[in-house]
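Below is one structure; the comments refer to it alone.
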Amino acid sequence: MLLDRLKADLAELDTRALRRTRRSVATPCAPHVRVDGRDMLAFCSNDYLGLAAEPALAHALQAGATHWGTGSGASHLVSGHYAVHDELEARLAAFAGCERALYFSTGYMANTGTIPALVGRGDAIFADRLNHASLVDGALLSRAELHRYAHGDPAALERALAASSAKRKLIVTDAIFSMDGDVAPLAALLALAERFDAWLMVDDAHGFGVLGPGGRGAVAEAGLASWRVIYVGTLGKAAGVSGAFVAGHADVVEWLMQKARTYIFTTGAPPALAEALLASLDLIERGDERREHLAGLVALLHGELALARWQLLPSRTPIQPVLIGDNAEALAVARALWDEGLWVPAIRPPTVPQGTARLRISLTAAHCADDVRRLAHALNRLEAQR
Ligand SMILES: *Cc1c(COP(=O)(O)O)cnc(C)c1O
């Protein structure tokens with residue numbers, strides 16, 4: 001009975017063109033990869049600085065494993081917290097311009113642990129409608145009242161804050177929206193947080209390492225500093241390794257260490273990873289050349305794409321979505337690109353709102369100008385043919 005129903009549910013995913021599949025990649029994360037026996041040029045990864053396969057990081061990881069072994073052995077609050085974790089947290093805090101940072105195993109865990117630690121029943125969360133799923137899940141776990149405001153709209157947020165009588169208020173936003181590539185109006189959000197005595201949690205998964213002076217992220221780029229800001233950076237995207245951190249006022253971070261269940265009830269990440277992350281921070285800090293090259297590729301894509309029906313969204317970040325609309329059409333275009341050796345993911349609901357299926361092009365510093373031209377010309381031609 002139950003299994004029959006599940007089979008029918010799976011079949012329905014097929015009829016709605018919503019079934020997801022995975023490709024197995026046989027080579028390291030890079031623009032040129034071998035997938036299912038084919039050589040492909042990929043525009044899929046969030047490895048924005050091209051560090052995921054950087055030899056210096058692999059060497060740091062190897063040296064870390066030689067020194068520390070592979071496992072941490074326990075959760076951080078028991079015995080799985082090592083000196084190199086302290087060193088990493090101090091570096092991350094200084095880098096983000098905050099008093100203290102707490103290192104989590106993943107960004108998903110940082111978000112789902114931090115939100116319920118800050119707010120609960122009787123409190124209220126004000127979330128941008130396009131926030132990442134991990135922020136939505138964290139909000140649901142907290143049991144606080146969830147208000148979702150219109151995307152990127154401080155006036156809508158202001159109305160919701162003014163109407164709320166909640167004890168504690170938490171504003172939550174992506175810094176760069178992961179499926180749109182646009183940047184949140186952080187200064188306006190912080191002004192509202194101050195006016196309504198709210199926290200402002202900024203998930204900078206896509207801006208850390210990419211935006212701001214020295215890659216310090218979207219909050220640094222906006223020139224904002226406040227004890228109200230709870231800054232989340234993830235370390236599996238531009239940093240090229242894995243993990244995440246939450247940074248802010250020392251008391252806030254201490255509270256998270258006491259209360260964030262995804263920090264407390266999980267085995268500490270391998271200390272060798274922290275060694276690789278320290279090496280990654282060195283490269284991020286000295287990464288202006290990579291960031292300039294990446295910005296040049298974004299400009300090149302905008303210059304080379306000439307689309308009529310499909311729409312390149314107005315993004316200045318490495319996330320460059322081409323809006324197609326229909327799920328099946330987006331899939332068909334992705335398949336046509338695949339057939340010419342170009343790997344671009346089609347993103348469909350529920351990851352994005354109904355009717356806004358898109359190609360999500362992501363550019364990295366490891367791409368070259370010819371890679372971007374090849375993609376742009378293929379898209380221009382495909383649109384004309386369809
Ligand atoms: C990727 C992502 C996360 C999750 O981070 P992981 O380290 O991959 O778990 C959280 N928030 C946003 C906006 C993301 O894009």
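How things are named: the first chain in the structure tokens is A, the next is B, and so on; residues count from 1 in each chain; ligands count from 1 in the order shown.
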task: Enumerate as a VMD selection string all residues of region 128-286 of chain A assigned to strand (DSSP E or B) by DSSP on the backbone, naming them with the chain letters and numbers the document uses.
output: chain A and resid 128 145 to 149 169 to 174 176 183 199 to 203 229 to 234 244 to 248 267
Near ligand 1, 6 Å: chain A residue rows, closest pairs, only C-alpha atoms and all ligand atoms, as a tab-separated table:
```
residue	atom	partner	partner_atom_place_in_ligand_line	distance
A:Thr106	CA	ligand 1	7 (O)	3.9
A:Gly107	CA	ligand 1	5 (O)	3.3
A:Tyr108	CA	ligand 1	9 (O)	3.8
A:His132	CA	ligand 1	13 (C)	4.8
A:Ser134	CA	ligand 1	10 (C)	5.8
A:Asp174	CA	ligand 1	13 (C)	5.4
A:Ser178	CA	ligand 1	15 (O)	5.1
A:Asp203	CA	ligand 1	13 (C)	5.8
A:Ala205	CA	ligand 1	12 (C)	4.8
A:Thr234	CA	ligand 1	7 (O)	5.2
A:Gly236	CA	ligand 1	7 (O)	5.5
A:Gly243	CA	ligand 1	7 (O)	5.2
A:Ala244	CA	ligand 1	7 (O)	5.7
```
Would you save the residues of that selection, restricted to all heavy atoms, as an mmCIF file, in the first residue's frame?
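Result file again-v2.cif:
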```cif
data_model
loop_
_atom_site.group_PDB
_atom_site.id
_atom_site.type_symbol
_atom_site.label_atom_id
_atom_site.label_comp_id
_atom_site.auth_asym_id
_atom_site.auth_seq_id
_atom_site.Cartn_x
_atom_site.Cartn_y
_atom_site.Cartn_z
ATOM 1 N N THR A 106 28.674 22.217 8.307
ATOM 2 C CA THR A 106 28.130 22.644 7.005
ATOM 3 C C THR A 106 27.323 23.934 7.192
ATOM 4 O O THR A 106 26.911 24.265 8.313
ATOM 5 C CB THR A 106 27.166 21.593 6.393
ATOM 6 O OG1 THR A 106 25.950 21.574 7.153
ATOM 7 C CG2 THR A 106 27.762 20.201 6.344
ATOM 8 N N GLY A 107 27.063 24.595 6.079
ATOM 9 C CA GLY A 107 26.222 25.784 6.116
ATOM 10 C C GLY A 107 24.787 25.435 6.481
ATOM 11 O O GLY A 107 24.113 26.195 7.182
ATOM 12 N N TYR A 108 24.331 24.296 5.994
ATOM 13 C CA TYR A 108 22.975 23.863 6.339
ATOM 14 C C TYR A 108 22.846 23.751 7.865
ATOM 15 O O TYR A 108 21.857 24.192 8.461
ATOM 16 C CB TYR A 108 22.670 22.516 5.668
ATOM 17 C CG TYR A 108 21.247 22.077 5.877
ATOM 18 C CD1 TYR A 108 20.248 22.473 4.990
ATOM 19 C CD2 TYR A 108 20.892 21.319 6.983
ATOM 20 C CE1 TYR A 108 18.928 22.099 5.208
ATOM 21 C CE2 TYR A 108 19.581 20.948 7.205
ATOM 22 C CZ TYR A 108 18.599 21.334 6.302
ATOM 23 O OH TYR A 108 17.297 20.978 6.523
ATOM 24 N N HIS A 132 17.432 30.863 1.118
ATOM 25 C CA HIS A 132 17.855 29.476 0.946
ATOM 26 C C HIS A 132 17.049 28.524 1.850
ATOM 27 O O HIS A 132 16.650 28.894 2.955
ATOM 28 C CB HIS A 132 19.341 29.370 1.300
ATOM 29 C CG HIS A 132 19.964 28.058 0.971
ATOM 30 N ND1 HIS A 132 20.141 27.062 1.903
ATOM 31 C CD2 HIS A 132 20.447 27.571 -0.200
ATOM 32 C CE1 HIS A 132 20.728 26.026 1.335
ATOM 33 N NE2 HIS A 132 20.922 26.309 0.053
ATOM 34 N N SER A 134 17.850 26.187 3.755
ATOM 35 C CA SER A 134 18.373 25.941 5.112
ATOM 36 C C SER A 134 17.897 27.013 6.092
ATOM 37 O O SER A 134 17.717 26.738 7.280
ATOM 38 C CB SER A 134 19.901 25.874 5.096
ATOM 39 O OG SER A 134 20.450 27.068 4.574
ATOM 40 N N ASP A 174 19.544 35.905 2.728
ATOM 41 C CA ASP A 174 20.725 35.571 1.941
ATOM 42 C C ASP A 174 21.409 36.896 1.607
ATOM 43 O O ASP A 174 20.728 37.907 1.420
ATOM 44 C CB ASP A 174 20.329 34.947 0.584
ATOM 45 C CG ASP A 174 19.942 33.470 0.664
ATOM 46 O OD1 ASP A 174 19.508 33.030 1.737
ATOM 47 O OD2 ASP A 174 20.045 32.792 -0.375
ATOM 48 N N SER A 178 20.848 32.632 -4.027
ATOM 49 C CA SER A 178 21.600 31.569 -4.683
ATOM 50 C C SER A 178 21.073 31.196 -6.060
ATOM 51 O O SER A 178 21.814 30.666 -6.870
ATOM 52 C CB SER A 178 21.664 30.334 -3.782
ATOM 53 O OG SER A 178 20.406 30.029 -3.258
ATOM 54 N N ASP A 203 23.242 35.421 5.525
ATOM 55 C CA ASP A 203 23.860 34.193 5.011
ATOM 56 C C ASP A 203 24.633 34.543 3.739
ATOM 57 O O ASP A 203 24.058 34.744 2.678
ATOM 58 C CB ASP A 203 22.749 33.168 4.731
ATOM 59 C CG ASP A 203 23.302 31.887 4.104
ATOM 60 O OD1 ASP A 203 24.492 31.847 3.746
ATOM 61 O OD2 ASP A 203 22.508 30.937 3.961
ATOM 62 N N ALA A 205 26.750 32.784 1.918
ATOM 63 C CA ALA A 205 27.316 31.582 1.311
ATOM 64 C C ALA A 205 28.007 31.887 -0.026
ATOM 65 O O ALA A 205 29.050 31.312 -0.338
ATOM 66 C CB ALA A 205 26.218 30.535 1.101
ATOM 67 N N THR A 234 29.980 30.331 4.325
ATOM 68 C CA THR A 234 30.164 28.893 4.135
ATOM 69 C C THR A 234 31.515 28.653 3.475
ATOM 70 O O THR A 234 32.062 29.514 2.791
ATOM 71 C CB THR A 234 29.018 28.238 3.333
ATOM 72 O OG1 THR A 234 29.088 28.666 1.979
ATOM 73 C CG2 THR A 234 27.668 28.603 3.927
ATOM 74 N N GLY A 236 32.482 25.696 1.729
ATOM 75 C CA GLY A 236 32.526 24.695 0.664
ATOM 76 C C GLY A 236 32.351 25.320 -0.708
ATOM 77 O O GLY A 236 32.375 24.613 -1.717
ATOM 78 N N GLY A 243 32.327 23.101 5.201
ATOM 79 C CA GLY A 243 32.074 23.675 6.505
ATOM 80 C C GLY A 243 31.471 25.062 6.388
ATOM 81 O O GLY A 243 31.116 25.512 5.288
ATOM 82 N N ALA A 244 31.331 25.715 7.541
ATOM 83 C CA ALA A 244 30.737 27.051 7.583
ATOM 84 C C ALA A 244 31.102 27.679 8.919
ATOM 85 O O ALA A 244 31.638 27.003 9.804
ATOM 86 C CB ALA A 244 29.216 26.956 7.451
#
```
query: Near region 66-82 of chain A, counting only C-alpha atoms, which residues have an atom at most 12 Å away, once you skip same-chain residues fewer than 5 positions from it, shown as a list in words?
result: His59, Ala60, Leu61, Glu87, Leu88, Glu89, Leu102, Tyr103, Phe104, Ser105, Met257, Gln258, Lys259, Ala260, Arg261, Thr262, Tyr263, Ile264, Phe265, Thr266, Thr267, Gly268, Ala269, Pro270, Pro271, Ala272, Leu273, Ala274 and Glu275 of chain A
Just write the chosen residues, C-alpha atoms, as a short mmCIF file (atom, residue, chain, number, x, y, z; two decimals), in the first residue's frame.
```cif
data_model
loop_
_atom_site.label_atom_id
_atom_site.label_comp_id
_atom_site.auth_asym_id
_atom_site.auth_seq_id
_atom_site.Cartn_x
_atom_site.Cartn_y
_atom_site.Cartn_z
CA HIS A 59 48.83 19.58 0.44
CA ALA A 60 47.54 21.31 3.58
CA LEU A 61 44.86 18.63 3.90
CA GLU A 87 43.16 28.82 15.19
CA LEU A 88 40.65 28.61 12.34
CA GLU A 89 37.91 30.35 14.32
CA LEU A 102 32.05 29.40 15.55
CA TYR A 103 32.92 26.73 12.98
CA PHE A 104 30.10 24.39 11.90
CA SER A 105 30.37 21.24 9.77
CA MET A 257 28.07 27.41 21.29
CA GLN A 258 25.82 26.77 24.29
CA LYS A 259 22.57 26.32 22.38
CA ALA A 260 22.96 25.50 18.68
CA ARG A 261 21.91 21.85 18.50
CA THR A 262 23.59 21.26 15.13
CA TYR A 263 26.86 22.31 16.77
CA ILE A 264 26.43 20.36 19.97
CA PHE A 265 24.95 17.06 18.82
CA THR A 266 27.30 16.19 15.99
CA THR A 267 30.85 14.92 15.68
CA GLY A 268 33.41 17.68 15.23
CA ALA A 269 34.64 18.10 11.65
CA PRO A 270 38.04 16.46 11.00
CA PRO A 271 40.83 18.78 12.21
CA ALA A 272 42.68 18.19 8.92
CA LEU A 273 39.88 20.10 7.18
CA ALA A 274 40.66 23.09 9.39
CA GLU A 275 44.27 22.95 8.17
#
```
field: Between CA of Leu6 (chain A) and CA of Arg348 (chain A), distance in Å (one decimal)
entry: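 Between CA of Leu6 (chain A) and CA of Arg348 (chain A) the gap works out to 21.1 Å.
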